[in-house]
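Peer 1: File follows, query.cif with mmCIF, C-alpha atoms:
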data_upload
#
loop_
_atom_site.group_PDB
_atom_site.id
_atom_site.type_symbol
_atom_site.label_atom_id
_atom_site.label_comp_id
_atom_site.auth_asym_id
_atom_site.auth_seq_id
_atom_site.Cartn_x
_atom_site.Cartn_y
_atom_site.Cartn_z
ATOM 1 C CA MET A 1202 29.417 -21.954 25.817
ATOM 2 C CA THR A 1203 29.210 -20.220 29.199
ATOM 3 C CA PRO A 1204 26.790 -21.653 31.811
ATOM 4 C CA ALA A 1205 24.622 -18.560 31.491
ATOM 5 C CA LEU A 1206 24.428 -18.993 27.739
ATOM 6 C CA ALA A 1207 23.631 -22.684 28.125
ATOM 7 C CA ASN A 1208 20.438 -21.650 29.939
ATOM 8 C CA PHE A 1209 19.340 -20.048 26.701
ATOM 9 C CA ALA A 1210 20.169 -23.049 24.532
ATOM 10 C CA LYS A 1211 16.446 -23.515 24.027
ATOM 11 C CA PRO A 1212 15.425 -20.841 21.520
ATOM 12 C CA LEU A 1213 12.996 -18.192 22.649
ATOM 13 C CA PRO A 1214 9.522 -18.749 21.182
ATOM 14 C CA LEU A 1215 9.003 -16.972 17.901
ATOM 15 C CA SER A 1216 6.211 -16.681 15.407
ATOM 16 C CA ALA A 1217 5.496 -19.393 12.867
ATOM 17 C CA ALA A 1218 6.718 -17.137 10.017
ATOM 18 C CA ALA A 1219 10.113 -16.525 11.626
ATOM 19 C CA ASP A 1220 10.353 -20.191 12.498
ATOM 20 C CA ARG A 1221 9.706 -21.178 8.893
ATOM 21 C CA ALA A 1222 12.488 -18.857 7.709
ATOM 22 C CA GLY A 1223 14.856 -20.538 10.174
ATOM 23 C CA LEU A 1224 15.357 -17.297 12.090
ATOM 24 C CA GLU A 1225 16.206 -18.120 15.646
ATOM 25 C CA PHE A 1226 16.765 -15.132 17.908
ATOM 26 C CA SER A 1227 19.728 -16.257 20.004
ATOM 27 C CA GLY A 1228 21.558 -17.418 16.853
ATOM 28 C CA LEU A 1229 20.944 -14.092 15.122
ATOM 29 C CA LEU A 1230 22.084 -12.248 18.239
ATOM 30 C CA ARG A 1231 25.388 -14.077 18.354
ATOM 31 C CA GLN A 1232 25.866 -13.716 14.595
ATOM 32 C CA HIS A 1233 25.240 -9.979 14.421
ATOM 33 C CA GLN A 1234 26.294 -8.625 17.817
ATOM 34 C CA ALA A 1235 29.714 -7.454 16.580
ATOM 35 C CA MET A 1236 28.175 -5.646 13.609
ATOM 36 C CA VAL A 1237 25.522 -3.802 15.629
ATOM 37 C CA PHE A 1238 27.851 -2.986 18.521
ATOM 38 C CA SER A 1239 30.623 -1.772 16.190
ATOM 39 C CA ILE A 1240 28.356 0.539 14.180
ATOM 40 C CA ALA A 1241 27.130 2.088 17.426
ATOM 41 C CA LEU A 1242 30.649 2.281 18.905
ATOM 42 C CA ARG A 1243 32.255 3.831 15.820
ATOM 43 C CA PHE A 1244 29.458 6.364 15.572
ATOM 44 C CA LEU A 1245 28.860 7.245 19.236
ATOM 45 C CA ARG A 1246 32.477 6.742 20.368
ATOM 46 C CA ASP A 1247 31.196 5.714 23.779
ATOM 47 C CA ARG A 1248 31.437 2.037 24.722
ATOM 48 C CA SER A 1249 28.697 2.054 27.332
ATOM 49 C CA ALA A 1250 26.262 4.058 25.166
ATOM 50 C CA ALA A 1251 27.032 1.745 22.245
ATOM 51 C CA GLU A 1252 26.297 -1.331 24.343
ATOM 52 C CA ASP A 1253 22.984 0.131 25.555
ATOM 53 C CA LEU A 1254 21.974 1.056 22.037
ATOM 54 C CA ALA A 1255 22.938 -2.363 20.648
ATOM 55 C CA GLN A 1256 20.905 -4.053 23.387
ATOM 56 C CA GLU A 1257 17.821 -1.981 22.532
ATOM 57 C CA VAL A 1258 18.244 -2.824 18.838
ATOM 58 C CA PHE A 1259 18.287 -6.562 19.588
ATOM 59 C CA LEU A 1260 15.308 -6.299 21.939
ATOM 60 C CA GLN A 1261 13.421 -4.539 19.152
ATOM 61 C CA LEU A 1262 14.490 -7.345 16.811
ATOM 62 C CA HIS A 1263 13.126 -9.904 19.266
ATOM 63 C CA HIS A 1264 9.814 -8.068 19.179
ATOM 64 C CA THR A 1265 9.775 -7.644 15.372
ATOM 65 C CA LEU A 1266 11.335 -10.891 14.166
ATOM 66 C CA ASP A 1267 8.059 -12.390 12.953
ATOM 67 C CA SER A 1268 7.744 -9.655 10.316
ATOM 68 C CA LEU A 1269 11.192 -10.386 8.833
ATOM 69 C CA ALA A 1270 11.183 -12.925 6.045
ATOM 70 C CA SER A 1271 14.834 -13.901 5.536
ATOM 71 C CA ALA A 1272 18.359 -13.729 6.963
ATOM 72 C CA GLU A 1273 19.256 -10.932 4.478
ATOM 73 C CA HIS A 1274 16.240 -8.973 5.584
ATOM 74 C CA VAL A 1275 17.371 -9.310 9.213
ATOM 75 C CA THR A 1276 20.862 -7.976 8.372
ATOM 76 C CA PHE A 1277 19.409 -5.034 6.451
ATOM 77 C CA TRP A 1278 16.905 -4.356 9.238
ATOM 78 C CA LEU A 1279 19.628 -4.432 11.919
ATOM 79 C CA ARG A 1280 21.873 -1.987 10.028
ATOM 80 C CA ARG A 1281 18.953 0.296 9.331
ATOM 81 C CA VAL A 1282 17.578 0.355 12.888
ATOM 82 C CA THR A 1283 21.055 0.734 14.429
ATOM 83 C CA SER A 1284 21.913 3.645 12.104
ATOM 84 C CA HIS A 1285 18.660 5.456 12.740
ATOM 85 C CA ARG A 1286 18.879 4.927 16.505
ATOM 86 C CA CYS A 1287 22.454 6.294 16.463
ATOM 87 C CA LEU A 1288 21.397 9.365 14.482
ATOM 88 C CA ASP A 1289 18.436 9.917 16.823
ATOM 89 C CA ALA A 1290 20.682 9.565 19.881
ATOM 90 C CA VAL A 1291 23.036 12.243 18.575
ATOM 91 C CA ARG A 1292 20.179 14.557 17.588
ATOM 92 C CA ARG A 1293 18.736 14.288 21.096
ATOM 93 C CA LYS A 1294 22.089 14.758 22.784
ATOM 94 C CA ARG A 1295 23.825 17.803 21.304
ATOM 95 C CA PRO A 1296 24.506 19.857 18.187
ATOM 96 C CA GLU A 1297 25.883 17.455 15.645
ATOM 97 C CA THR A 1298 29.135 19.149 14.593
ATOM 98 C CA VAL A 1299 31.963 19.316 17.088
ATOM 99 C CA PRO A 1300 35.033 21.338 16.212
ATOM 100 C CA LEU A 1301 38.011 19.049 15.916
ATOM 101 C CA GLU A 1302 39.909 20.893 18.626
ATOM 102 C CA ASP A 1303 37.029 20.327 21.045
ATOM 103 C CA SER A 1304 36.423 16.793 19.947
ATOM 104 C CA PRO A 1305 37.093 14.462 22.864
ATOM 105 C CA GLU A 1306 39.468 11.560 22.684
ATOM 106 C CA PRO A 1307 37.582 8.315 22.164
ATOM 107 C CA ALA A 1308 36.024 7.052 25.380
ATOM 108 C CA ALA A 1309 36.637 3.522 24.203
ATOM 109 C CA PRO A 1310 40.134 2.411 25.072
ATOM 110 C CA ALA A 1311 42.204 2.399 21.916
ATOM 111 C CA ARG A 1312 43.065 -1.093 20.738
ATOM 112 C CA GLU A 1313 46.669 -2.040 21.131
ATOM 113 C CA ARG A 1314 47.298 -2.097 17.411
ATOM 114 C CA ASP A 1315 45.986 1.466 17.125
ATOM 115 C CA GLY A 1316 48.791 3.769 16.171
ATOM 116 C CA MET A 1317 48.909 7.487 16.626
ATOM 117 C CA LEU A 1318 47.523 7.990 13.121
ATOM 118 C CA GLU A 1319 44.575 5.684 13.727
ATOM 119 C CA ALA A 1320 43.760 7.429 16.990
ATOM 120 C CA ARG A 1321 43.867 10.790 15.194
ATOM 121 C CA LEU A 1322 41.702 9.434 12.407
ATOM 122 C CA TRP A 1323 39.234 8.098 14.937
ATOM 123 C CA GLN A 1324 39.132 11.577 16.450
ATOM 124 C CA ALA A 1325 38.696 13.197 13.030
ATOM 125 C CA ILE A 1326 35.818 10.844 12.149
ATOM 126 C CA GLY A 1327 34.170 11.840 15.404
ATOM 127 C CA SER A 1328 34.275 15.484 14.379
ATOM 128 C CA LEU A 1329 32.229 14.852 11.200
ATOM 129 C CA PRO A 1330 28.538 15.796 11.234
ATOM 130 C CA ALA A 1331 26.175 12.924 12.081
ATOM 131 C CA ALA A 1332 24.957 11.840 8.631
ATOM 132 C CA PRO A 1333 28.364 11.904 6.876
ATOM 133 C CA ARG A 1334 29.894 10.118 9.881
ATOM 134 C CA MET A 1335 27.342 7.316 9.631
ATOM 135 C CA ILE A 1336 27.958 7.083 5.879
ATOM 136 C CA VAL A 1337 31.716 6.735 6.470
ATOM 137 C CA VAL A 1338 31.113 4.048 9.111
ATOM 138 C CA LEU A 1339 28.725 2.071 6.886
ATOM 139 C CA HIS A 1340 31.053 2.364 3.886
ATOM 140 C CA TYR A 1341 34.325 1.420 5.588
ATOM 141 C CA GLN A 1342 33.139 -0.875 8.376
ATOM 142 C CA GLU A 1343 30.274 -2.640 6.627
ATOM 143 C CA GLU A 1344 31.709 -2.192 3.114
ATOM 144 C CA LEU A 1345 28.331 -1.055 1.784
ATOM 145 C CA THR A 1346 28.010 0.660 -1.584
ATOM 146 C CA ALA A 1347 26.477 4.119 -1.933
ATOM 147 C CA GLU A 1348 23.221 2.521 -3.117
ATOM 148 C CA GLU A 1349 23.082 0.174 -0.131
ATOM 149 C CA ILE A 1350 23.805 3.036 2.264
ATOM 150 C CA ALA A 1351 21.096 5.094 0.561
ATOM 151 C CA GLN A 1352 18.579 2.304 1.187
ATOM 152 C CA THR A 1353 19.711 1.905 4.780
ATOM 153 C CA LEU A 1354 19.522 5.599 5.621
ATOM 154 C CA THR A 1355 16.571 6.405 3.328
ATOM 155 C CA MET A 1356 18.340 9.092 1.307
ATOM 156 C CA PRO A 1357 19.261 9.528 -2.363
ATOM 157 C CA ALA A 1358 22.381 7.660 -3.514
ATOM 158 C CA ALA A 1359 23.738 10.904 -5.005
ATOM 159 C CA THR A 1360 23.593 12.519 -1.569
ATOM 160 C CA VAL A 1361 25.446 9.558 -0.081
ATOM 161 C CA ARG A 1362 28.189 9.816 -2.719
ATOM 162 C CA SER A 1363 28.533 13.556 -2.194
ATOM 163 C CA HIS A 1364 28.711 13.169 1.624
ATOM 164 C CA LEU A 1365 31.330 10.465 1.219
ATOM 165 C CA ARG A 1366 33.448 12.551 -1.139
ATOM 166 C CA ARG A 1367 33.325 15.614 1.101
ATOM 167 C CA SER A 1368 33.975 13.560 4.247
ATOM 168 C CA LEU A 1369 37.096 12.012 2.700
ATOM 169 C CA LEU A 1370 38.388 15.444 1.676
ATOM 170 C CA LEU A 1371 37.732 16.740 5.159
ATOM 171 C CA LEU A 1372 39.362 13.764 6.844
ATOM 172 C CA ARG A 1373 42.402 13.977 4.554
ATOM 173 C CA GLU A 1374 42.752 17.659 5.307
ATOM 174 C CA LYS A 1375 42.438 17.140 9.060
ATOM 175 C CA LEU A 1376 44.819 14.224 9.051
ATOM 176 C CA THR A 1377 47.389 16.185 7.042
ATOM 177 C CA ARG A 1378 47.103 19.086 9.448
ATOM 178 C CA MET A 1379 47.524 16.765 12.411
ATOM 179 C CA THR A 1380 50.476 14.953 10.847
ATOM 180 C CA GLU A 1381 52.218 18.212 9.928
ATOM 181 C CA SER A 1382 51.747 19.662 13.383
ATOM 182 C CA LYS A 1383 53.028 16.427 14.898
ATOM 183 C CA LEU A 1384 56.099 16.457 12.621
ATOM 184 C CA LYS A 1385 56.694 20.111 13.457
ATOM 185 C CA GLN A 1386 56.470 19.305 17.156
ATOM 186 C CA GLU A 1387 58.923 16.448 16.749
ATOM 187 C CA SER A 1388 61.400 18.515 14.743
ATOM 188 C CA THR A 1389 61.163 21.350 17.281
ATOM 189 C CA GLY A 1390 61.673 18.865 20.070
ATOM 190 C CA GLY A 1391 64.560 17.210 18.201
ATOM 191 C CA SER A 1392 66.392 20.467 17.492
ATOM 192 C CA GLN A 1393 66.273 21.522 21.161
ATOM 193 C CA MET B 1185 65.490 -8.881 9.959
ATOM 194 C CA ASN B 1186 63.605 -7.673 6.927
ATOM 195 C CA PRO B 1187 65.936 -5.677 4.656
ATOM 196 C CA GLU B 1188 62.897 -3.963 3.108
ATOM 197 C CA LEU B 1189 61.958 -2.202 6.310
ATOM 198 C CA PRO B 1190 64.747 0.419 6.458
ATOM 199 C CA GLN B 1191 64.095 1.224 2.776
ATOM 200 C CA GLN B 1192 60.384 1.626 3.461
ATOM 201 C CA GLU B 1193 61.144 3.862 6.417
ATOM 202 C CA LEU B 1194 63.507 5.887 4.242
ATOM 203 C CA ARG B 1195 60.896 6.315 1.530
ATOM 204 C CA ARG B 1196 58.311 7.221 4.152
ATOM 205 C CA ASN B 1197 60.610 9.885 5.592
ATOM 206 C CA GLU B 1198 61.163 11.373 2.120
ATOM 207 C CA MET B 1199 57.421 11.716 1.490
ATOM 208 C CA THR B 1200 55.572 14.814 2.574
ATOM 209 C CA ALA B 1201 52.829 14.535 5.144
ATOM 210 C CA PRO B 1202 50.006 15.144 2.600
ATOM 211 C CA GLU B 1203 51.406 12.379 0.414
ATOM 212 C CA ILE B 1204 51.417 9.943 3.326
ATOM 213 C CA ALA B 1205 47.876 10.907 4.235
ATOM 214 C CA ASP B 1206 46.747 10.599 0.609
ATOM 215 C CA ILE B 1207 48.087 7.107 0.146
ATOM 216 C CA SER B 1208 47.104 5.603 3.419
ATOM 217 C CA LEU B 1209 43.759 7.235 4.172
ATOM 218 C CA ASP B 1210 41.620 4.580 2.513
ATOM 219 C CA ALA B 1211 43.513 1.687 4.072
ATOM 220 C CA LEU B 1212 43.688 3.490 7.370
ATOM 221 C CA LEU B 1213 39.916 4.053 7.377
ATOM 222 C CA ARG B 1214 39.302 0.369 6.704
ATOM 223 C CA ARG B 1215 41.654 -0.606 9.524
ATOM 224 C CA THR B 1216 40.332 1.952 11.995
ATOM 225 C CA LEU B 1217 36.709 1.104 11.255
ATOM 226 C CA GLN B 1218 37.021 -2.670 11.510
ATOM 227 C CA ARG B 1219 34.292 -4.498 13.363
ATOM 228 C CA GLU B 1220 34.972 -5.024 17.027
ATOM 229 C CA ASP B 1221 33.588 -7.846 19.174
ATOM 230 C CA ALA B 1222 30.732 -6.970 21.471
ATOM 231 C CA PRO B 1223 31.675 -6.854 25.168
ATOM 232 C CA ALA B 1224 31.882 -10.188 26.977
ATOM 233 C CA GLY B 1225 28.494 -11.384 28.183
ATOM 234 C CA PHE B 1226 26.576 -9.082 25.840
ATOM 235 C CA ALA B 1227 24.499 -11.886 24.274
ATOM 236 C CA GLU B 1228 23.626 -13.337 27.678
ATOM 237 C CA ARG B 1229 22.507 -9.938 28.944
ATOM 238 C CA VAL B 1230 20.309 -9.317 25.903
ATOM 239 C CA LEU B 1231 18.736 -12.785 26.114
ATOM 240 C CA ALA B 1232 18.078 -12.366 29.827
ATOM 241 C CA GLU B 1233 16.474 -8.975 29.232
ATOM 242 C CA ALA B 1234 14.370 -10.332 26.332
ATOM 243 C CA THR B 1235 13.151 -13.195 28.512
ATOM 244 C CA ARG B 1236 12.441 -10.811 31.392
ATOM 245 C CA ARG B 1237 10.477 -8.424 29.148
ATOM 246 C CA GLN B 1238 8.555 -11.285 27.552
ATOM 247 C CA ALA B 1239 7.579 -12.637 30.979
ATOM 248 C CA GLY B 1240 6.734 -9.115 32.133
ATOM 249 C CA ALA B 1241 4.566 -8.491 29.090
ATOM 250 C CA SER B 1242 2.547 -11.698 29.484
ATOM 251 C CA SER B 1243 2.040 -11.208 33.228
ATOM 252 C CA ALA B 1244 1.109 -7.567 32.590
ATOM 253 C CA SER B 1245 -1.577 -8.549 30.088
ATOM 254 C CA ALA B 1246 -2.908 -11.236 32.469
ATOM 255 C CA SER B 1247 -3.049 -8.796 35.361
ATOM 256 C CA ALA B 1248 -4.682 -6.217 33.081
ATOM 257 C CA ARG B 1249 -7.410 -8.771 32.340
ATOM 258 C CA ARG B 1250 -7.754 -9.513 36.043
ATOM 259 C CA ARG B 1251 -7.892 -5.803 36.885
ATOM 260 C CA THR B 1252 -10.554 -5.217 34.255
ATOM 261 C CA PHE B 1253 -12.855 -7.875 35.662
ATOM 262 C CA ALA B 1254 -12.091 -6.878 39.238
ATOM 263 C CA MET B 1255 -13.813 -3.500 38.696
ATOM 264 C CA PRO B 1256 -17.401 -3.833 40.132
ATOM 265 C CA GLY B 1257 -18.898 -1.235 37.762
ATOM 266 C CA LEU B 1258 -17.453 -3.002 34.747
ATOM 267 C CA ARG B 1259 -18.693 -6.374 35.989
ATOM 268 C CA PHE B 1260 -22.231 -4.985 36.414
ATOM 269 C CA ALA B 1261 -22.099 -3.376 32.956
ATOM 270 C CA ALA B 1262 -20.941 -6.645 31.378
ATOM 271 C CA ALA B 1263 -23.724 -8.611 33.106
ATOM 272 C CA ALA B 1264 -26.313 -6.008 32.040
ATOM 273 C CA ALA B 1265 -25.073 -6.130 28.460
ATOM 274 C CA VAL B 1266 -25.377 -9.930 28.426
ATOM 275 C CA LEU B 1267 -28.928 -9.734 29.840
ATOM 276 C CA VAL B 1268 -30.012 -7.103 27.317
ATOM 277 C CA ALA B 1269 -28.552 -9.107 24.457
ATOM 278 C CA ALA B 1270 -30.299 -12.275 25.666
ATOM 279 C CA SER B 1271 -33.697 -10.582 26.040
ATOM 280 C CA VAL B 1272 -33.394 -8.929 22.630
ATOM 281 C CA GLY B 1273 -32.553 -12.310 21.144
ATOM 282 C CA VAL B 1274 -35.521 -14.050 22.785
ATOM 283 C CA ARG B 1275 -37.898 -11.292 21.711
ATOM 284 C CA TYR B 1276 -36.608 -11.415 18.153
ATOM 285 C CA HIS B 1277 -37.039 -15.186 18.048
ATOM 286 C CA ALA B 1278 -40.630 -14.949 19.344
ATOM 287 C CA GLU B 1279 -41.481 -12.274 16.767
ATOM 288 C CA GLN B 1280 -40.048 -14.405 13.993
ATOM 289 C CA GLN B 1281 -42.152 -17.368 15.133
ATOM 290 C CA GLU B 1282 -45.313 -15.243 15.289
ATOM 291 C CA ARG B 1283 -44.665 -13.882 11.830
ATOM 292 C CA ALA B 1284 -44.153 -17.407 10.440
ATOM 293 C CA GLN B 1285 -47.378 -18.631 12.039
ATOM 294 C CA GLY B 1286 -49.310 -15.648 10.650
ATOM 295 C CA GLU B 1287 -47.918 -16.302 7.198
ATOM 296 C CA ALA B 1288 -48.960 -19.973 7.353
ATOM 297 C CA ALA B 1289 -52.504 -19.049 8.460
ATOM 298 C CA ARG B 1290 -52.820 -16.490 5.639
ATOM 299 C CA ASN B 1291 -51.711 -19.112 3.103
ATOM 300 C CA LYS B 1292 -54.344 -21.538 4.409
ATOM 301 C CA VAL B 1293 -57.106 -18.924 4.097
ATOM 302 C CA MET B 1294 -55.983 -18.049 0.568
ATOM 303 C CA LEU B 1295 -56.050 -21.740 -0.401
ATOM 304 C CA ALA B 1296 -59.525 -22.162 1.055
ATOM 305 C CA LEU B 1297 -60.725 -19.078 -0.839
ATOM 306 C CA ARG B 1298 -59.279 -20.404 -4.096
ATOM 307 C CA ILE B 1299 -60.980 -23.786 -3.595
ATOM 308 C CA THR B 1300 -64.305 -22.102 -2.804
ATOM 309 C CA SER B 1301 -63.952 -19.865 -5.835
ATOM 310 C CA ASN B 1302 -63.320 -22.881 -8.069
ATOM 311 C CA LYS B 1303 -66.309 -24.702 -6.667
ATOM 312 C CA LEU B 1304 -68.541 -21.648 -7.188
ATOM 313 C CA HIS B 1305 -67.281 -21.339 -10.739
ATOM 314 C CA GLN B 1306 -68.106 -24.969 -11.422
ATOM 315 C CA VAL B 1307 -71.605 -24.580 -9.947
ATOM 316 C CA GLN B 1308 -72.151 -21.437 -11.994
ATOM 317 C CA MET B 1309 -71.101 -23.272 -15.167
ATOM 318 C CA HIS B 1310 -73.399 -26.140 -14.293
ATOM 319 C CA VAL B 1311 -76.372 -23.825 -13.693
ATOM 320 C CA SER B 1312 -75.826 -21.914 -16.917
ATOM 321 C CA GLN B 1313 -75.538 -25.208 -18.828
ATOM 322 C CA MET B 1314 -78.885 -26.337 -17.385
ATOM 323 C CA SER B 1315 -80.634 -23.083 -18.307
ATOM 324 C CA THR B 1316 -79.314 -23.339 -21.899
ATOM 325 C CA ASP B 1317 -80.634 -26.879 -22.164
ATOM 326 C CA ASP B 1318 -84.115 -25.772 -20.840
ATOM 327 C CA SER B 1319 -84.445 -22.976 -23.378
ATOM 328 C CA THR B 1320 -83.558 -25.221 -26.336
ATOM 329 C CA ASN B 1321 -86.151 -27.787 -25.249
#
Can you dump the structure from the file as structure tokens?
Peer 2:
Amino acid sequence: MTPALANFAKPLPLSAAADRAGLEFSGLLRQHQAMVFSIALRFLRDRSAAEDLAQEVFLQLHHTLDSLASAEHVTFWLRRVTSHRCLDAVRRKRPETVPLEDSPEPAAPARERDGMLEARLWQAIGSLPAAPRMIVVLHYQEELTAEEIAQTLTMPAATVRSHLRRSLLLLREKLTRMTESKLKQESTGGSQ
Amino acid sequence: MNPELPQQELRRNEMTAPEIADISLDALLRRTLQREDAPAGFAERVLAEATRRQAGASSASASARRRTFAMPGLRFAAAAAVLVAASVGVRYHAEQQERAQGEAARNKVMLALRITSNKLHQVQMHVSQMSTDDSTN
């Protein structure tokens, strides 16, 4: 534990209800920080914006914790609030669909294990419209079912399934196009 | 060295790009969208900010209370309201007492009237008894 974290060893005061449920803010923060930050990062593709958003989500949790009855409720609440804040952030910022060609490279530095294909996929995910992009993130990162995503995003499960199907088709198509153009480039380069 | 690797590479090179994309998309999505750790010091920053906001909120509400009672007009209005409430209370209490006393006095008069009426009735009975006796004699 870092010295700064040791200063917070004493839990912040919470309501009696949260205390009864064994929900202690700093513990929940450490347990869920990767989940909240990753949803925001995968969706926004901007490390600093993702960190700001994740911080606001946890501060809201600190304010709301007394109304949450169990650990499962906290997890659901965190996913829900993070998703909605992400969607709101994108709505406020710019038109939601970005043509793939104009789509910027991820601002977050690519992890070392990221190959070319993963980087391209990351870019292709970023070009999806907001709602389908969030559905893809929740399905593949959080491994949520269509029904769970529907509850999180407050939309019909059929809509979630249809978004997911279309997003996968779109991603496959984009990835194929990218791979083919890359192979063509390589073969042109190799023949010269 | 793994003897499988050159074979895999060979098979991969024989496959068309769509086939590669088809097979690996699901796995690739899972790998690309794995959770990533929050930046170093994230938890400390959030806890510090939560503590700061909590302290700010409590001092803000205390200073709001102080500000409210620091306003002379509001202080005068509060004092006037207390005085009005007290005088209304005293007046109400006095009225209640007066009403109770009046009620008690009325009950006493009614009792006295009933007693008198009974007495008169008895006297009347007595007189009529005497006159009946006189006429029979």
Peer 1: Show me which bits of chain B are within 8 Å of chain A, counting all atoms listed in the file, as a CSV table (one decimal) with C-alpha atoms, in the frame of the given file.
Peer 2:
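After the write, iface.csv holds the following:
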chain,number,residue,atom,x,y,z
B,1201,ALA,CA,52.8,14.5,5.1
B,1202,PRO,CA,50.0,15.1,2.6
B,1205,ALA,CA,47.9,10.9,4.2
B,1206,ASP,CA,46.7,10.6,0.6
B,1209,LEU,CA,43.8,7.2,4.2
B,1212,LEU,CA,43.7,3.5,7.4
B,1213,LEU,CA,39.9,4.1,7.4
B,1214,ARG,CA,39.3,0.4,6.7
B,1216,THR,CA,40.3,2.0,12.0
B,1217,LEU,CA,36.7,1.1,11.3
B,1218,GLN,CA,37.0,-2.7,11.5
B,1219,ARG,CA,34.3,-4.5,13.4
B,1220,GLU,CA,35.0,-5.0,17.0
B,1221,ASP,CA,33.6,-7.8,19.2
B,1222,ALA,CA,30.7,-7.0,21.5
B,1223,PRO,CA,31.7,-6.9,25.2
B,1226,PHE,CA,26.6,-9.1,25.8
B,1227,ALA,CA,24.5,-11.9,24.3
B,1228,GLU,CA,23.6,-13.3,27.7
B,1230,VAL,CA,20.3,-9.3,25.9
B,1231,LEU,CA,18.7,-12.8,26.1
B,1233,GLU,CA,16.5,-9.0,29.2
B,1234,ALA,CA,14.4,-10.3,26.3
B,1235,THR,CA,13.2,-13.2,28.5
Peer 1: At what distance in Å, to one decimal, does atom CA of Ile1336 of chain A lie from atom CA of Arg1292 of chain A?
Peer 2: 15.9 Å
Peer 1: Can you measure atom CA of Leu1295 of chain B to atom CA of Glu1282 of chain B for me? One decimal in Å is fine.
Peer 2: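 Interatomic distance here is 20.1 Å.
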Peer 1: For a test of reading the model, state the distance in Å between atom CA of Asn1291 of chain B and atom CA of Arg1275 of chain B, rounded to one decimal.
Peer 2: 24.5 Å
Peer 1: Please determine an axis-aligned box that encloses all atoms of segment 1221-1240 of chain B listed in the file, with 4 Å added on each side, and express its centre and edge lengths in Å to one decimal as JSON.
Peer 2:
{"center_x": 20.2, "center_y": -10.1, "center_z": 25.7, "size_x": 34.9, "size_y": 14.5, "size_z": 21.0}
